[in-house]
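J.: Next up is a structure, given as structure tokens.
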Number of protein chains: 2
Amino acid sequence: MTFVSKLEAALGKAQVVSDPSALQDRRHDYWVLSHFDDIDGRPAPAPLCAVRPRHAEDVAATLRLCAQEGIGLVPFGLGSGVCGGVLAASERVLLDMSAMNALRFIDEKNLLAGFDAGHNGLAAEDKVAARGLTIGHWPQSIALSSVGGWIATRASGQLSTGYGNIEDLVHSVEAVLPDASVVTLGRAPRAAAGPDLRHILMGSEGTLGVVTGVTLSLRRQPEARALSAYHVRAVEEGFEAQREILQSGWAPVVLRQYDAVEAKRGFPDHARENKGLLLAVHEGPRTRVDAEQAAVAQICEGAGLAAALVAAVERWLERRNHVPHWKDYLAQGVMLDTVEVSASWSAIARVYHEAVRRLQEVPGCVNASAHSSHAYRSGINLYFTFAVAPGDKTKMRGAYEASWRAIMEATAEAGGGIAHHHGIGRVRRAYLHHDLGSGGLALLRTLKRALDPKGIMNPGVLIPDA
Amino acid sequence: MTFVSKLEAALGKAQVVSDPSALQDRRHDYWVLSHFDDIDGRPAPAPLCAVRPRHAEDVAATLRLCAQEGIGLVPFGLGSGVCGGVLAASERVLLDMSAMNALRFIDEKNLLAGFDAGHNGLAAEDKVAARGLTIGHWPQSIALSSVGGWIATRASGQLSTGYGNIEDLVHSVEAVLPDASVVTLGRAPRAAAGPDLRHILMGSEGTLGVVTGVTLSLRRQPEARALSAYHVRAVEEGFEAQREILQSGWAPVVLRQYDAVEAKRGFPDHARENKGLLLAVHEGPRTRVDAEQAAVAQICEGAGLAAALVAAVERWLERRNHVPHWKDYLAQGVMLDTVEVSASWSAIARVYHEAVRRLQEVPGCVNASAHSSHAYRSGINLYFTFAVAPGDKTKMRGAYEASWRAIMEATAEAGGGIAHHHGIGRVRRAYLHHDLGSGGLALLRTLKRALDPKGIMNPGVLIPDA
């Protein structure tokens with residue numbers, strides 16, 4: 001029996017996809033470099049086959065067979081990742097979670113909703129919204145990503161400054177571990193019952209287990225929303241205003257600061273020459289929204305920021321999930337990517353200036369810009385956009401890698417964190433030691449060996465080779 | 001060479017305590033059952049010796065020696081635990097962290113403060129308070145506990161409903177793992193760089209490593225504080241009001257609801273006959289505090305709760321860390337303990353009534369009461385106080401165990417969580433499966449075997465025998 005026929009025997013033929021054209025669509029996520037390789041004549045290989053589990057037991061059966069034969073397994077949500085976390089080599093099984101897409105329950109009294117891991121994010125939000133509730137998690141990829149993918153990658157949403165990142169929104173995680181055991185982690189509103197084991201799965205990127213179900217902690221839809229916008233003369237000025245907002249105890253659901261390049265490009269009708277923009281969205285009970293908006297106005301105006309038209313925020317709200325696709329740029333010989341990092345308030349301006357400076361030194365650089373999108377008491381993130389057009393296709397990969405290196409090293413040298421919310425995948429794997437240190441990396445490898453001694457779970461992702 | 005002399009050779013004589021009378025004080029934490037055993041003629045044994053490390057390298061050296069000879073190591077913070085997490089058998093080494101008590105730094109710009117793990121909690125708060133800052137973490141044990149103990153036990157403070165539990169306040173954790181490697185976990189304001197490995201240590205209760213340093217994320221001291229108090233006719237009525245407060249988006253730093261028994265006992269001048277009390281503290285910017293207090297008033301009054309005198313809250317604020325010591329009760333033949341659990345809003349009234357009913361059925365029960373102290377969107381905790389006086393010393397242990405079982409089983413049967421913030425230690429070990437399930441328990445054991453293959457770290461605590 002071939003391996004594929006063993007899978008068919010265990011799961012049913014309908015659950016195993018081996019048609020070559022169907023497998024073409026499941027070769028990779030949105031990582032631009034793998035798509036460049038596609039059009040550059042080095043297409044990512046298709047997997048051996050794809051399994052479409054219906055429930056956790058199908059996942060367990062697949063894992064048992066893969067473990068028996070030492071065949072690698074690549075969990076695949078809805079493929080919206082941008083770091084190369086999903087690249088199925090020809091000898092591996094792709095675990096396509098998209099058929100596990102049921103709403104399990106909505107519990108209005110306790111503000112919980114349970115979903116199969118493959119459930120589409122926007123569809124999940126729509127279902128709870130029909131009950132007057134919200135997940136409050138709005139990644140730019142919401143229409144393309146799965147709730148299980150949010151867990152596996154430790155995702156953040158656009159409203160995270162107020163509502164928290166995915167780790168703050170998760171109630172429980174159901175997963176199948178590499179030994180084929182099914183676990184449901186998270187029962188209480190909060191617990192001191194040993195280490196919080198949900199965190200083993202959150203951010204594991206398919207290397208430590210397969211997330212099969214998620215229960216999210218919801219919110220009621222906010223009573224009120226208000227918008228604020230300010231012009232920013234220097235990035236430092238905007239960072240200081242944001243620090244003051246957060247550290248004086250406010251938490252606008254959205255705080256975004258665009259540098260002058262991105263303000264001009266994204267908000268041509270609202271930005272002023274050579275100035276950045278700071279946008280805020282306030283949500284919650286009406287009286288708190290009013291108090292927060294007034295406090296933000298007092299802080300920003302006290303810091304000398306001029307008020308901008310809130311139409312800029314309305315424009316952002318309308319267009320926030322529209323991304324110009326890098327495929328259009330690739331066709332024109334331009335390679336584009338976004339890179340999110342974070343740092344303390346003390347270090348963030350240095351990260352910004354140094355990363356932009358180094359990006360601009362990369363031959364062929366045609367864009368080096370950034371905005372912030374997630375602020376904390378202790379620091380803030382930056383979301384860089386770079387574009388390189390080296391003019392010669394053979395130099396594309398090198399220019400791409402040099403651009404990434406510029407941002408990663410500028411961040412690490414300033415003491416920042418090299419990955420705010422897209423995850424590690426393949427593109428950041430060589431830089432992970434900056435965040436974890438040698439001790440943390442060894443601990444991660446210890447976890448990996450303990451949970452997946454045969455190394456079958458998503459090989460090549462997240463964990464650098466020893 | 002004896003083992004003690006090997007330790008002395010590696011660390012210096014001053015770091016190794018083997019004087020029998022000095023070891024007497026370090027035999028256990030505040031777990032009432034072990035103190036009952038003391039006065040009942042079965043005193044907890046003293047450890048082989050105590051090591052007082054000066055820095056992480058001393059901890060590592062101790063771990064190396066213990067691992068070589070297979071000798072168990074019991075990390076000991078300041079001994080304020082109440083679950084039997086620290087009980088040093090005669091053949092074990094006690095790692096007394098109290099000499100590692102330095103303030104490492106206070107970073108006012110990024111609101112961070114780093115401490116040695118053995119630093120006293122209240123002294124830590126006092127040091128940041130002198131800069132106008134606050135940790136915002138106020139366990140009842142703050143004057144008796146260490147910042148490292150907060151991490152090891154996943155502690156909560158009295159202001160956690162507004163400020164978050166310890167996992168929300170931690171920036172980074174320094175620890176020595178059982179293999180003697182030193183790790184510092186946590187670098188960025190927030191990261192998607194693999195699993196959040198800080199969670200391996202948080203709640204590990206000394207079984208997976210030794211916390212040696214902690215960096216906490218601080219707050220500025222609040223601009224304003226306001227107090228609210230309401231009479232509660234039935235516990236359900238108070239829970240519903242609290243649910244409405246949390247789910248409509250408010251987060252008072254304190255929300256505490258006492259049942260009629262505890263209201264009468266704790267607030268004799270303020271409670272009404274057969275009524276409970278709901279107390280709230282609002283902290284933050286003045287305008288938000290005002291808005292929150294008004295919203296809470298609207299919710300409570302709309303639900304028919306009568307306003308009580310805020311002097312009740314003032315009384316709680318004054319007396320909140322004064323605990324009548326169970327030793328006084330033990331001397332009178334009464335065994336007293338507190339047990340905190342949690343459950344969803346749907347289940348919490350059932351947990352309350354059923355646990356109280358079962359406690360009252362325990363022969364010799366003289367008190368069965370509870371208050372809530374930590375509320376979430378998805379549910380709430382309960383903090384039971386029971387007292388048993390079976391009249392015959394030989395029945396004390398059985399009555400104590402039956403009382404614990406009453407609360408644990410009532411909680412688990414209603415779907416609640418068996419440990420909100422005191423941890424597992426020895427007293428809850430047999431109940432941990434209710435929270436983790438068999439899969440979660442197996443995962444915890446896998447972690448334990450991977451990190452501590454020789455089983456030297458705090459044997460007998462947290463993890464039930466397989």
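Ligands are numbered from 1 in the order shown, residues from 1 within each chain, and chains are lettered A, B, ... in the order they appear in the structure tokens.
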Name all residues at most 8 Å from Val93 of chain A (count only C-alpha atoms; drop same-chain ones fewer than 5 positions away) and give them as a tab-separated table (two decimals) with C-alpha atoms, in the first residue's frame.
T.:
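Once everything was written out, this is part-v3.tsv:
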```tsv
chain	number	residue	atom	x	y	z
A	47	PRO	CA	2.84	18.23	-1.28
A	48	LEU	CA	2.57	14.46	-1.52
A	49	CYS	CA	-1.13	14.85	-0.80
A	50	ALA	CA	-3.51	16.97	1.21
A	51	VAL	CA	-5.69	15.64	4.01
A	71	ILE	CA	6.50	11.62	7.05
A	72	GLY	CA	6.37	15.35	7.64
A	73	LEU	CA	3.04	17.05	8.19
A	74	VAL	CA	2.34	20.70	7.34
A	88	ALA	CA	4.85	21.84	1.56
```
J.: Could you list the residues in chain A lying within 6 Å of chain B, using only C-alpha atoms, and format the result as a ChimeraX atom specification?
T.: /A:110-111,154,183,188-189,191-195,199-200,202-204,287-288,291,343,345,378-379,416-417,419-421,423-424,439-440,450
J.: I need the chosen residues saved as a PDB file, in the first residue's frame, with C-alpha atoms.
T.:
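That gives us selection28.pdb:
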```pdb
ATOM      1  CA  ASN A 110     -20.591  34.180  29.209  1.00  0.00           C
ATOM      2  CA  LEU A 111     -19.535  35.918  25.983  1.00  0.00           C
ATOM      3  CA  ARG A 154      -0.070  34.559  17.830  1.00  0.00           C
ATOM      4  CA  VAL A 183      -6.187  18.084  24.471  1.00  0.00           C
ATOM      5  CA  ALA A 188     -11.706  28.627  33.888  1.00  0.00           C
ATOM      6  CA  PRO A 189     -12.100  32.377  33.419  1.00  0.00           C
ATOM      7  CA  ALA A 191      -6.512  29.804  36.645  1.00  0.00           C
ATOM      8  CA  ALA A 192      -3.431  29.184  38.759  1.00  0.00           C
ATOM      9  CA  ALA A 193      -3.358  25.492  37.976  1.00  0.00           C
ATOM     10  CA  GLY A 194       0.170  24.968  36.757  1.00  0.00           C
ATOM     11  CA  PRO A 195       1.664  26.636  33.679  1.00  0.00           C
ATOM     12  CA  HIS A 199       0.703  29.014  25.388  1.00  0.00           C
ATOM     13  CA  ILE A 200       2.436  25.889  24.090  1.00  0.00           C
ATOM     14  CA  MET A 202      -0.121  29.836  20.693  1.00  0.00           C
ATOM     15  CA  GLY A 203       2.712  30.794  18.351  1.00  0.00           C
ATOM     16  CA  SER A 204       3.784  27.201  17.710  1.00  0.00           C
ATOM     17  CA  THR A 287     -19.101  58.352  28.606  1.00  0.00           C
ATOM     18  CA  ARG A 288     -15.723  56.616  28.535  1.00  0.00           C
ATOM     19  CA  ALA A 291     -13.550  61.075  28.300  1.00  0.00           C
ATOM     20  CA  ALA A 343      10.748  48.056  20.925  1.00  0.00           C
ATOM     21  CA  TRP A 345       9.634  53.660  24.048  1.00  0.00           C
ATOM     22  CA  SER A 378       6.288  49.568  27.861  1.00  0.00           C
ATOM     23  CA  GLY A 379       6.707  50.261  24.158  1.00  0.00           C
ATOM     24  CA  GLY A 416      13.761  45.426  20.275  1.00  0.00           C
ATOM     25  CA  GLY A 417      11.679  42.377  19.437  1.00  0.00           C
ATOM     26  CA  ALA A 419       8.466  39.803  15.438  1.00  0.00           C
ATOM     27  CA  HIS A 420       5.416  41.658  16.660  1.00  0.00           C
ATOM     28  CA  HIS A 421       2.550  39.697  15.127  1.00  0.00           C
ATOM     29  CA  GLY A 423       5.297  35.195  13.418  1.00  0.00           C
ATOM     30  CA  ILE A 424       8.584  33.575  12.439  1.00  0.00           C
ATOM     31  CA  GLY A 439      18.891  29.695  26.588  1.00  0.00           C
ATOM     32  CA  GLY A 440      15.408  30.386  25.274  1.00  0.00           C
ATOM     33  CA  ALA A 450       9.712  16.295  23.936  1.00  0.00           C
TER      34      ALA A 450
END
```
J.: Which distance in Å separates atom CA of Cys83 of chain B and atom CA of Arg426 of chain B, to one decimal?
T.: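 Interatomic distance here is 6.0 Å.
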J.: With distances taken over only C-alpha atoms, which residue among B:Thr212, B:Asn321, B:Ser160, B:Ser80 lies nearest Asn101 of chain B?
T.: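 Ranking B:Thr212, B:Asn321, B:Ser160, B:Ser80 by distance to Asn101 of chain B, first place goes to B:Thr212.
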J.: Taking 2 positions as the minimum chain separation for residues in the same chain, which residues sit within 7 Å of segment 231-238 of chain B when counting only C-alpha atoms? Answer as a list of chain:residue names.
T.: B:Glu240, B:Ala241, B:Gln242, B:Gln257, B:Asp259, B:Lys275, B:Gly276, B:Leu277, B:Leu278, B:Leu305, B:Ala306, B:Ala307, B:Ala308, B:Ala349
J.: Suppose we keep N, CA, C and O atoms; can you now write the selection as a short mmCIF file (atom, residue, chain, number, x, y, z; two decimals), in the first residue's frame?
T.:
```
data_model
loop_
_atom_site.label_atom_id
_atom_site.label_comp_id
_atom_site.auth_asym_id
_atom_site.auth_seq_id
_atom_site.Cartn_x
_atom_site.Cartn_y
_atom_site.Cartn_z
N GLU B 240 -25.10 39.08 38.84
CA GLU B 240 -25.65 39.66 37.60
C GLU B 240 -25.21 41.12 37.44
O GLU B 240 -24.90 41.56 36.32
N ALA B 241 -25.18 41.84 38.53
CA ALA B 241 -24.72 43.23 38.44
C ALA B 241 -23.25 43.28 38.02
O ALA B 241 -22.86 44.07 37.16
N GLN B 242 -22.45 42.41 38.60
CA GLN B 242 -21.02 42.38 38.24
C GLN B 242 -20.85 41.99 36.77
O GLN B 242 -20.01 42.55 36.06
N GLN B 257 -17.67 40.94 46.19
CA GLN B 257 -19.04 40.69 46.64
C GLN B 257 -19.01 39.68 47.79
O GLN B 257 -18.62 38.53 47.60
N ASP B 259 -20.94 37.39 50.67
CA ASP B 259 -22.26 36.84 50.99
C ASP B 259 -22.71 37.40 52.35
O ASP B 259 -21.96 38.13 53.02
N LYS B 275 -28.22 40.36 54.16
CA LYS B 275 -27.85 40.89 52.85
C LYS B 275 -26.33 40.82 52.68
O LYS B 275 -25.57 40.96 53.64
N GLY B 276 -25.92 40.66 51.44
CA GLY B 276 -24.51 40.73 51.13
C GLY B 276 -24.10 42.14 50.78
O GLY B 276 -24.93 43.07 50.79
N LEU B 277 -22.81 42.30 50.47
CA LEU B 277 -22.29 43.62 50.11
C LEU B 277 -21.49 43.49 48.82
O LEU B 277 -20.74 42.52 48.64
N LEU B 278 -21.64 44.49 47.96
CA LEU B 278 -20.81 44.57 46.75
C LEU B 278 -19.99 45.85 46.86
O LEU B 278 -20.56 46.94 47.00
N LEU B 305 -30.30 47.17 43.46
CA LEU B 305 -29.40 47.12 44.61
C LEU B 305 -29.42 48.48 45.31
O LEU B 305 -29.31 49.52 44.66
N ALA B 306 -29.54 48.46 46.63
CA ALA B 306 -29.55 49.71 47.39
C ALA B 306 -28.11 50.14 47.68
O ALA B 306 -27.26 49.31 48.02
N ALA B 307 -27.85 51.42 47.55
CA ALA B 307 -26.51 51.93 47.84
C ALA B 307 -26.18 51.73 49.31
O ALA B 307 -27.03 51.92 50.19
N ALA B 308 -24.93 51.34 49.58
CA ALA B 308 -24.44 51.22 50.95
C ALA B 308 -23.44 52.34 51.20
O ALA B 308 -23.04 53.05 50.27
N ALA B 349 -23.33 30.66 40.58
CA ALA B 349 -24.28 30.56 41.69
C ALA B 349 -24.42 29.10 42.13
O ALA B 349 -24.51 28.81 43.33
#
```
J.: Of the candidates B:Glu244, B:Ser18, B:Ala412, B:Lys393, which shows the shortest atom-to-atom distance to Ala331 of chain B, using only C-alpha atoms?
T.: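 Going through B:Glu244, B:Ser18, B:Ala412, B:Lys393 one by one, the smallest distance to Ala331 of chain B is for B:Lys393.
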J.: Which residue is closest to Ile135 of chain A? Choose from A:Ala113, A:Gly118, A:Gly304, A:His353 and count only C-alpha atoms.
T.: A:Ala113
J.: Between B:Ala117, B:Leu359, B:Met457, B:Ala229, which is the closest to Leu94 of chain B once you count only C-alpha atoms?
T.: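 Smallest distance to Leu94 of chain B is found for B:Met457.
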